[in-house]
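Structure file input.txt (compact mmCIF, N, CA and C atoms and all ligand atoms) follows.
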# COMPACT_ATOMS: atom_id res chain seq x y z
N MET E 1 105.39 83.51 138.54
CA MET E 1 104.36 84.59 138.56
C MET E 1 104.47 85.39 139.85
N ALA E 2 105.59 85.31 140.55
CA ALA E 2 105.73 86.07 141.78
C ALA E 2 105.74 87.56 141.48
N GLY E 3 104.91 88.31 142.17
CA GLY E 3 104.86 89.76 141.96
C GLY E 3 104.07 90.14 140.73
N GLY E 4 103.47 89.18 140.02
CA GLY E 4 102.73 89.50 138.82
C GLY E 4 101.51 90.35 139.09
N GLY E 5 100.88 90.12 140.21
CA GLY E 5 99.67 90.88 140.54
C GLY E 5 99.92 92.37 140.59
N ASN E 6 101.03 92.74 141.15
CA ASN E 6 101.35 94.16 141.25
C ASN E 6 101.54 94.79 139.87
N ALA E 7 102.17 94.07 138.99
CA ALA E 7 102.45 94.60 137.66
C ALA E 7 101.15 94.86 136.90
N ILE E 8 100.21 93.93 137.02
CA ILE E 8 98.95 94.09 136.30
C ILE E 8 98.16 95.28 136.86
N ARG E 9 98.12 95.37 138.17
CA ARG E 9 97.38 96.47 138.78
C ARG E 9 97.99 97.81 138.36
N GLY E 10 99.33 97.85 138.33
CA GLY E 10 100.01 99.09 137.98
C GLY E 10 99.67 99.56 136.59
N SER E 11 99.59 98.64 135.60
CA SER E 11 99.34 99.05 134.23
C SER E 11 97.90 99.49 134.03
N ARG E 12 97.00 98.94 134.82
CA ARG E 12 95.59 99.32 134.65
C ARG E 12 95.32 100.71 135.22
N VAL E 13 95.86 100.96 136.39
CA VAL E 13 95.59 102.24 137.04
C VAL E 13 96.43 103.34 136.40
N GLY E 14 97.52 102.96 135.74
CA GLY E 14 98.50 103.94 135.28
C GLY E 14 98.04 104.80 134.12
N ALA E 15 96.89 105.43 134.21
CA ALA E 15 96.47 106.38 133.19
C ALA E 15 96.96 107.76 133.57
N GLY E 16 98.23 107.91 133.57
CA GLY E 16 98.85 109.17 134.01
C GLY E 16 98.93 110.17 132.88
N PRO E 17 99.91 111.03 132.90
CA PRO E 17 100.08 112.03 131.83
C PRO E 17 100.28 111.37 130.47
N MET E 18 100.91 110.18 130.44
CA MET E 18 101.12 109.49 129.17
C MET E 18 99.79 109.15 128.50
N GLY E 19 98.87 108.63 129.29
CA GLY E 19 97.58 108.24 128.75
C GLY E 19 96.82 109.42 128.18
N GLU E 20 96.89 110.54 128.84
CA GLU E 20 96.19 111.73 128.35
C GLU E 20 96.76 112.18 127.01
N ALA E 21 98.08 112.13 126.89
CA ALA E 21 98.71 112.55 125.65
C ALA E 21 98.28 111.64 124.50
N GLU E 22 98.12 110.36 124.79
CA GLU E 22 97.73 109.43 123.74
C GLU E 22 96.32 109.72 123.22
N ARG E 23 95.45 110.19 124.08
CA ARG E 23 94.10 110.49 123.62
C ARG E 23 94.02 111.85 122.94
N GLY E 24 95.13 112.57 122.92
CA GLY E 24 95.16 113.83 122.21
C GLY E 24 94.45 114.96 122.92
N GLU E 25 94.22 114.83 124.22
CA GLU E 25 93.52 115.90 124.93
C GLU E 25 94.47 117.00 125.36
N ALA E 26 95.63 116.59 125.84
CA ALA E 26 96.55 117.57 126.39
C ALA E 26 97.57 118.05 125.37
N ALA E 27 97.82 117.24 124.35
CA ALA E 27 98.91 117.57 123.43
C ALA E 27 98.48 118.69 122.48
N PRO E 28 99.24 119.76 122.38
CA PRO E 28 98.94 120.81 121.39
C PRO E 28 99.19 120.28 119.98
N ARG E 29 98.46 120.86 119.03
CA ARG E 29 98.52 120.33 117.66
C ARG E 29 98.99 121.41 116.70
N GLN E 30 99.52 120.97 115.59
CA GLN E 30 99.89 121.90 114.52
C GLN E 30 99.34 121.36 113.21
N ALA E 31 98.84 122.24 112.39
CA ALA E 31 98.28 121.83 111.11
C ALA E 31 99.30 122.14 110.02
N ILE E 32 99.69 121.12 109.27
CA ILE E 32 100.66 121.29 108.19
C ILE E 32 99.94 121.07 106.87
N THR E 33 100.16 121.99 105.93
CA THR E 33 99.53 121.86 104.61
C THR E 33 100.53 121.25 103.63
N TYR E 34 100.08 120.22 102.95
CA TYR E 34 100.91 119.56 101.93
C TYR E 34 100.31 119.81 100.55
N PHE E 35 101.19 119.92 99.57
CA PHE E 35 100.76 120.16 98.19
C PHE E 35 101.29 119.04 97.30
N CYS E 36 100.40 118.48 96.48
CA CYS E 36 100.86 117.45 95.55
C CYS E 36 100.89 118.03 94.15
N SER E 37 101.41 117.27 93.20
CA SER E 37 101.56 117.78 91.83
C SER E 37 100.22 117.88 91.12
N ASN E 38 99.15 117.37 91.70
CA ASN E 38 97.81 117.56 91.15
C ASN E 38 97.12 118.77 91.77
N THR E 39 97.91 119.63 92.39
CA THR E 39 97.45 120.87 93.03
C THR E 39 96.41 120.62 94.12
N HIS E 40 96.44 119.44 94.70
CA HIS E 40 95.59 119.21 95.86
C HIS E 40 96.26 119.84 97.08
N ARG E 41 95.43 120.34 97.97
CA ARG E 41 95.94 120.85 99.24
C ARG E 41 95.41 119.97 100.34
N SER E 42 96.28 119.42 101.14
CA SER E 42 95.85 118.54 102.22
C SER E 42 96.41 119.06 103.53
N VAL E 43 95.55 119.27 104.48
CA VAL E 43 95.99 119.71 105.79
C VAL E 43 96.06 118.49 106.71
N VAL E 44 97.24 118.25 107.24
CA VAL E 44 97.46 117.12 108.13
C VAL E 44 97.81 117.67 109.49
N THR E 45 97.16 117.16 110.51
CA THR E 45 97.39 117.64 111.86
C THR E 45 98.37 116.74 112.60
N PHE E 46 99.40 117.33 113.16
CA PHE E 46 100.39 116.59 113.94
C PHE E 46 100.44 117.16 115.34
N SER E 47 100.88 116.34 116.25
CA SER E 47 101.24 116.86 117.57
C SER E 47 102.45 117.76 117.40
N VAL E 48 102.53 118.83 118.18
CA VAL E 48 103.69 119.72 118.05
C VAL E 48 104.97 119.01 118.45
N GLU E 49 104.82 117.92 119.20
CA GLU E 49 106.01 117.17 119.59
C GLU E 49 106.45 116.22 118.49
N ALA E 50 105.58 115.96 117.52
CA ALA E 50 105.90 115.02 116.46
C ALA E 50 106.84 115.67 115.46
N THR E 51 107.68 114.86 114.85
CA THR E 51 108.52 115.34 113.77
C THR E 51 107.67 115.39 112.50
N VAL E 52 107.54 116.59 111.93
CA VAL E 52 106.71 116.74 110.74
C VAL E 52 107.46 116.21 109.53
N PRO E 53 106.90 115.23 108.83
CA PRO E 53 107.60 114.69 107.66
C PRO E 53 107.62 115.70 106.52
N GLU E 54 108.69 115.67 105.72
CA GLU E 54 108.81 116.62 104.62
C GLU E 54 107.83 116.31 103.50
N SER E 55 107.47 115.05 103.39
CA SER E 55 106.50 114.69 102.35
C SER E 55 105.43 113.81 102.95
N TRP E 56 104.29 113.81 102.29
CA TRP E 56 103.12 113.09 102.79
C TRP E 56 102.34 112.61 101.59
N ASP E 57 101.82 111.41 101.66
CA ASP E 57 101.02 110.93 100.54
C ASP E 57 99.70 111.68 100.49
N CYS E 58 99.40 112.26 99.33
CA CYS E 58 98.16 113.01 99.18
C CYS E 58 96.97 112.08 99.41
N PRO E 59 96.07 112.42 100.35
CA PRO E 59 94.93 111.53 100.60
C PRO E 59 93.93 111.52 99.45
N LYS E 60 94.00 112.49 98.56
CA LYS E 60 93.03 112.56 97.46
C LYS E 60 93.46 111.71 96.27
N CYS E 61 94.76 111.75 95.94
CA CYS E 61 95.20 111.01 94.76
C CYS E 61 96.34 110.06 95.04
N GLY E 62 96.92 110.10 96.24
CA GLY E 62 97.95 109.14 96.59
C GLY E 62 99.35 109.53 96.14
N LEU E 63 99.47 110.65 95.41
CA LEU E 63 100.80 111.08 95.00
C LEU E 63 101.52 111.69 96.20
N PRO E 64 102.85 111.69 96.14
CA PRO E 64 103.58 112.34 97.23
C PRO E 64 103.32 113.85 97.22
N ALA E 65 103.17 114.41 98.40
CA ALA E 65 102.93 115.84 98.52
C ALA E 65 103.99 116.42 99.44
N SER E 66 104.35 117.68 99.22
CA SER E 66 105.37 118.29 100.07
C SER E 66 104.82 119.58 100.68
N VAL E 67 105.53 120.09 101.67
CA VAL E 67 105.09 121.30 102.34
C VAL E 67 105.37 122.53 101.48
N ASP E 68 106.17 122.39 100.43
CA ASP E 68 106.53 123.51 99.57
C ASP E 68 105.52 123.61 98.42
N SER E 69 104.65 124.63 98.46
CA SER E 69 103.61 124.73 97.45
C SER E 69 104.18 125.03 96.07
N GLU E 70 105.38 125.64 96.01
CA GLU E 70 105.98 125.97 94.73
C GLU E 70 106.60 124.74 94.06
N ASN E 71 107.01 123.81 94.86
CA ASN E 71 107.73 122.65 94.33
C ASN E 71 107.14 121.34 94.84
N PRO E 72 105.94 121.01 94.40
CA PRO E 72 105.41 119.71 94.81
C PRO E 72 106.24 118.61 94.19
N PRO E 73 106.40 117.51 94.89
CA PRO E 73 107.21 116.42 94.33
C PRO E 73 106.58 115.88 93.05
N PRO E 74 107.41 115.50 92.06
CA PRO E 74 106.86 114.96 90.82
C PRO E 74 106.21 113.61 91.05
N ALA E 75 105.24 113.32 90.22
CA ALA E 75 104.57 112.02 90.32
C ALA E 75 105.57 110.93 90.00
N PRO E 76 105.67 109.95 90.84
CA PRO E 76 106.63 108.86 90.56
C PRO E 76 106.15 108.00 89.41
N LYS E 77 107.10 107.37 88.73
CA LYS E 77 106.74 106.43 87.67
C LYS E 77 105.96 105.27 88.28
N ILE E 78 104.88 104.93 87.66
CA ILE E 78 104.10 103.81 88.18
C ILE E 78 104.75 102.51 87.75
N GLU E 79 105.27 101.80 88.72
CA GLU E 79 105.84 100.49 88.43
C GLU E 79 104.73 99.46 88.57
N PRO E 80 104.54 98.65 87.54
CA PRO E 80 103.51 97.61 87.67
C PRO E 80 103.84 96.69 88.82
N TYR E 81 102.91 96.57 89.72
CA TYR E 81 103.14 95.76 90.90
C TYR E 81 102.84 94.31 90.59
N LYS E 82 103.85 93.47 90.79
CA LYS E 82 103.66 92.07 90.49
C LYS E 82 103.13 91.35 91.71
N THR E 83 101.97 90.78 91.56
CA THR E 83 101.43 89.99 92.65
C THR E 83 102.06 88.61 92.65
N HIS E 84 101.83 87.90 93.72
CA HIS E 84 102.33 86.53 93.81
C HIS E 84 101.73 85.69 92.69
N LEU E 85 100.46 85.96 92.40
CA LEU E 85 99.78 85.21 91.35
C LEU E 85 100.46 85.43 90.00
N ALA E 86 100.92 86.68 89.77
CA ALA E 86 101.58 86.98 88.51
C ALA E 86 102.86 86.16 88.36
N TYR E 87 103.58 86.04 89.45
CA TYR E 87 104.80 85.22 89.41
C TYR E 87 104.45 83.76 89.13
N VAL E 88 103.40 83.30 89.77
CA VAL E 88 102.99 81.91 89.57
C VAL E 88 102.61 81.69 88.11
N LYS E 89 101.90 82.66 87.55
CA LYS E 89 101.46 82.52 86.17
C LYS E 89 102.63 82.52 85.21
N GLU E 90 103.69 83.26 85.56
CA GLU E 90 104.85 83.29 84.71
C GLU E 90 105.53 81.93 84.66
N ARG E 91 105.55 81.29 85.80
CA ARG E 91 106.24 80.02 85.89
C ARG E 91 105.43 78.88 85.28
N ARG E 92 104.12 79.00 85.35
CA ARG E 92 103.29 77.89 84.92
C ARG E 92 102.36 78.35 83.78
N SER E 93 101.95 77.43 82.99
CA SER E 93 100.97 77.76 81.96
C SER E 93 99.61 77.94 82.61
N ASP E 94 98.71 78.57 81.89
CA ASP E 94 97.37 78.76 82.43
C ASP E 94 96.68 77.44 82.72
N LYS E 95 96.94 76.48 81.82
CA LYS E 95 96.33 75.15 82.00
C LYS E 95 96.79 74.52 83.31
N GLU E 96 98.08 74.60 83.55
CA GLU E 96 98.62 74.04 84.79
C GLU E 96 98.02 74.73 86.00
N ALA E 97 97.93 76.06 85.90
CA ALA E 97 97.39 76.82 87.02
C ALA E 97 95.96 76.41 87.30
N ALA E 98 95.19 76.22 86.21
CA ALA E 98 93.80 75.80 86.36
C ALA E 98 93.71 74.42 87.00
N ASP E 99 94.61 73.54 86.60
CA ASP E 99 94.62 72.20 87.18
C ASP E 99 94.90 72.25 88.67
N ILE E 100 95.86 73.08 89.04
CA ILE E 100 96.23 73.18 90.45
C ILE E 100 95.06 73.72 91.26
N LEU E 101 94.38 74.73 90.68
CA LEU E 101 93.24 75.31 91.37
C LEU E 101 92.13 74.27 91.53
N ASP E 102 91.91 73.52 90.45
CA ASP E 102 90.87 72.49 90.48
C ASP E 102 91.19 71.45 91.55
N GLU E 103 92.44 71.06 91.59
CA GLU E 103 92.88 70.08 92.56
C GLU E 103 92.62 70.58 93.98
N ALA E 104 92.96 71.84 94.19
CA ALA E 104 92.79 72.42 95.52
C ALA E 104 91.31 72.47 95.90
N LEU E 105 90.46 72.80 94.93
CA LEU E 105 89.03 72.87 95.20
C LEU E 105 88.47 71.50 95.53
N GLN E 106 88.93 70.51 94.78
CA GLN E 106 88.45 69.15 95.03
C GLN E 106 88.87 68.66 96.41
N LEU E 107 90.09 69.01 96.79
CA LEU E 107 90.58 68.64 98.10
C LEU E 107 89.71 69.29 99.17
N LEU E 108 89.38 70.55 98.95
CA LEU E 108 88.55 71.30 99.89
C LEU E 108 87.18 70.64 100.01
N ARG E 109 86.59 70.29 98.85
CA ARG E 109 85.26 69.69 98.86
C ARG E 109 85.29 68.33 99.56
N SER E 110 86.31 67.52 99.28
CA SER E 110 86.37 66.20 99.88
C SER E 110 86.52 66.31 101.39
N ARG E 111 87.24 67.34 101.83
CA ARG E 111 87.38 67.53 103.26
C ARG E 111 86.02 67.87 103.88
N ARG E 112 85.27 68.72 103.18
CA ARG E 112 83.97 69.11 103.72
C ARG E 112 83.03 67.92 103.78
N LYS E 113 83.06 67.08 102.70
CA LYS E 113 82.18 65.91 102.66
C LYS E 113 82.49 64.96 103.81
N SER E 114 83.75 64.78 104.10
CA SER E 114 84.14 63.84 105.14
C SER E 114 83.80 64.38 106.52
N GLY E 115 83.41 65.61 106.60
CA GLY E 115 82.94 66.14 107.86
C GLY E 115 84.06 66.67 108.75
N ASP E 116 85.26 66.66 108.22
CA ASP E 116 86.35 67.22 109.03
C ASP E 116 86.21 68.74 109.08
N LEU E 117 86.35 69.27 110.22
CA LEU E 117 86.29 70.71 110.34
C LEU E 117 87.73 71.24 110.39
N ILE E 118 88.18 71.67 109.24
CA ILE E 118 89.55 72.19 109.19
C ILE E 118 89.47 73.68 108.87
N PHE E 119 89.90 74.44 109.79
CA PHE E 119 89.92 75.88 109.56
C PHE E 119 91.34 76.38 109.48
ZN ZN P 1 96.72 114.93 95.20

Mind turning this structure into structure tokens?
Ligand SMILES: [Zn+2]
Amino acid sequence: MAGGGNAIRGSRVGAGPMGEAERGEAAPRQAITYFCSNTHRSVVTFSVEATVPESWDCPKCGLPASVDSENPPPAPKIEPYKTHLAYVKERRSDKEAADILDEALQLLRSRRKSGDLIF
């Protein structure tokens, strides 16, 4: 820990130009309008130093939106998202899954009864 004190003091006091930029006080901003295929218009504000992305997820409907109002990106095909539970259900029958859940609950209850505090 030799010299550690200096390092800590330096990071605390070091609210220099970097810190101001992070709070958005000094950095100039630019407003970019994105258009999605649902004709939503979303204005997103970026720092002028930031690289403006060509597409942005529409905050209203979640579809991809682009800066080109004439050519909004097409809505992507919705792929059914498989949760971990879905995979588990595929591998096991519902009865088995219920048994496993029951077993887990009983284990949980027995732990609580015994007074063990397991978090
Ligand atoms: Zn939209």

> Just how far from atom CA of Ser47 of chain E is atom CA of Gly62 of chain E, in Å to one decimal?
Replying inline: 22.6 Å

>> As a quick test: using only C-alpha atoms and all ligand atoms, which residues lie no more than 7 Å away from ligand ZN 1 (chain P)? Give them as a VMD selection string.
In response: chain E and resid 36 to 40 58 to 63

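Distances from E:Asn71, E:Trp56, E:Pro76, E:Phe46 to Pro28 of chain E were compared using only N, CA and C atoms, and the smallest one belongs to E:Phe46.
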
> What separation in Å, quoted to one decimal, exists between atom CA of Ala98 of chain E and atom C of Arg111 of chain E?
Replying inline: 20.7 Å

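For the pair atom N of Asp68 of chain E and atom CA of Ile32 of chain E, the interatomic distance is 9.6 Å.
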
Any chance you could build segment 31-42 of chain E out to N, CA, C and O atoms and write it as a short mmCIF file (atom, residue, chain, number, x, y, z; two decimals), in the frame of the given file?
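For reference, rebuild-v3.cif as written:
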data_model
loop_
_atom_site.label_atom_id
_atom_site.label_comp_id
_atom_site.auth_asym_id
_atom_site.auth_seq_id
_atom_site.Cartn_x
_atom_site.Cartn_y
_atom_site.Cartn_z
N ALA E 31 98.84 122.24 112.39
CA ALA E 31 98.28 121.83 111.11
C ALA E 31 99.30 122.14 110.02
O ALA E 31 99.75 123.28 109.87
N ILE E 32 99.69 121.12 109.27
CA ILE E 32 100.66 121.29 108.19
C ILE E 32 99.94 121.07 106.87
O ILE E 32 99.18 120.12 106.71
N THR E 33 100.16 121.99 105.93
CA THR E 33 99.53 121.86 104.61
C THR E 33 100.53 121.25 103.63
O THR E 33 101.66 121.71 103.51
N TYR E 34 100.08 120.22 102.95
CA TYR E 34 100.91 119.56 101.93
C TYR E 34 100.31 119.81 100.55
O TYR E 34 99.09 119.87 100.39
N PHE E 35 101.19 119.92 99.57
CA PHE E 35 100.76 120.16 98.19
C PHE E 35 101.29 119.04 97.30
O PHE E 35 102.47 118.72 97.36
N CYS E 36 100.40 118.48 96.48
CA CYS E 36 100.86 117.45 95.55
C CYS E 36 100.89 118.03 94.15
O CYS E 36 100.44 119.15 93.91
N SER E 37 101.41 117.27 93.20
CA SER E 37 101.56 117.78 91.83
C SER E 37 100.22 117.88 91.12
O SER E 37 100.15 118.41 90.02
N ASN E 38 99.15 117.37 91.70
CA ASN E 38 97.81 117.56 91.15
C ASN E 38 97.12 118.77 91.77
O ASN E 38 95.90 118.90 91.69
N THR E 39 97.91 119.63 92.39
CA THR E 39 97.45 120.87 93.03
C THR E 39 96.41 120.62 94.12
O THR E 39 95.61 121.48 94.42
N HIS E 40 96.44 119.44 94.70
CA HIS E 40 95.59 119.21 95.86
C HIS E 40 96.26 119.84 97.08
O HIS E 40 97.47 119.85 97.19
N ARG E 41 95.43 120.34 97.97
CA ARG E 41 95.94 120.85 99.24
C ARG E 41 95.41 119.97 100.34
O ARG E 41 94.20 119.80 100.48
N SER E 42 96.28 119.42 101.14
CA SER E 42 95.85 118.54 102.22
C SER E 42 96.41 119.06 103.53
O SER E 42 97.61 119.28 103.64
#
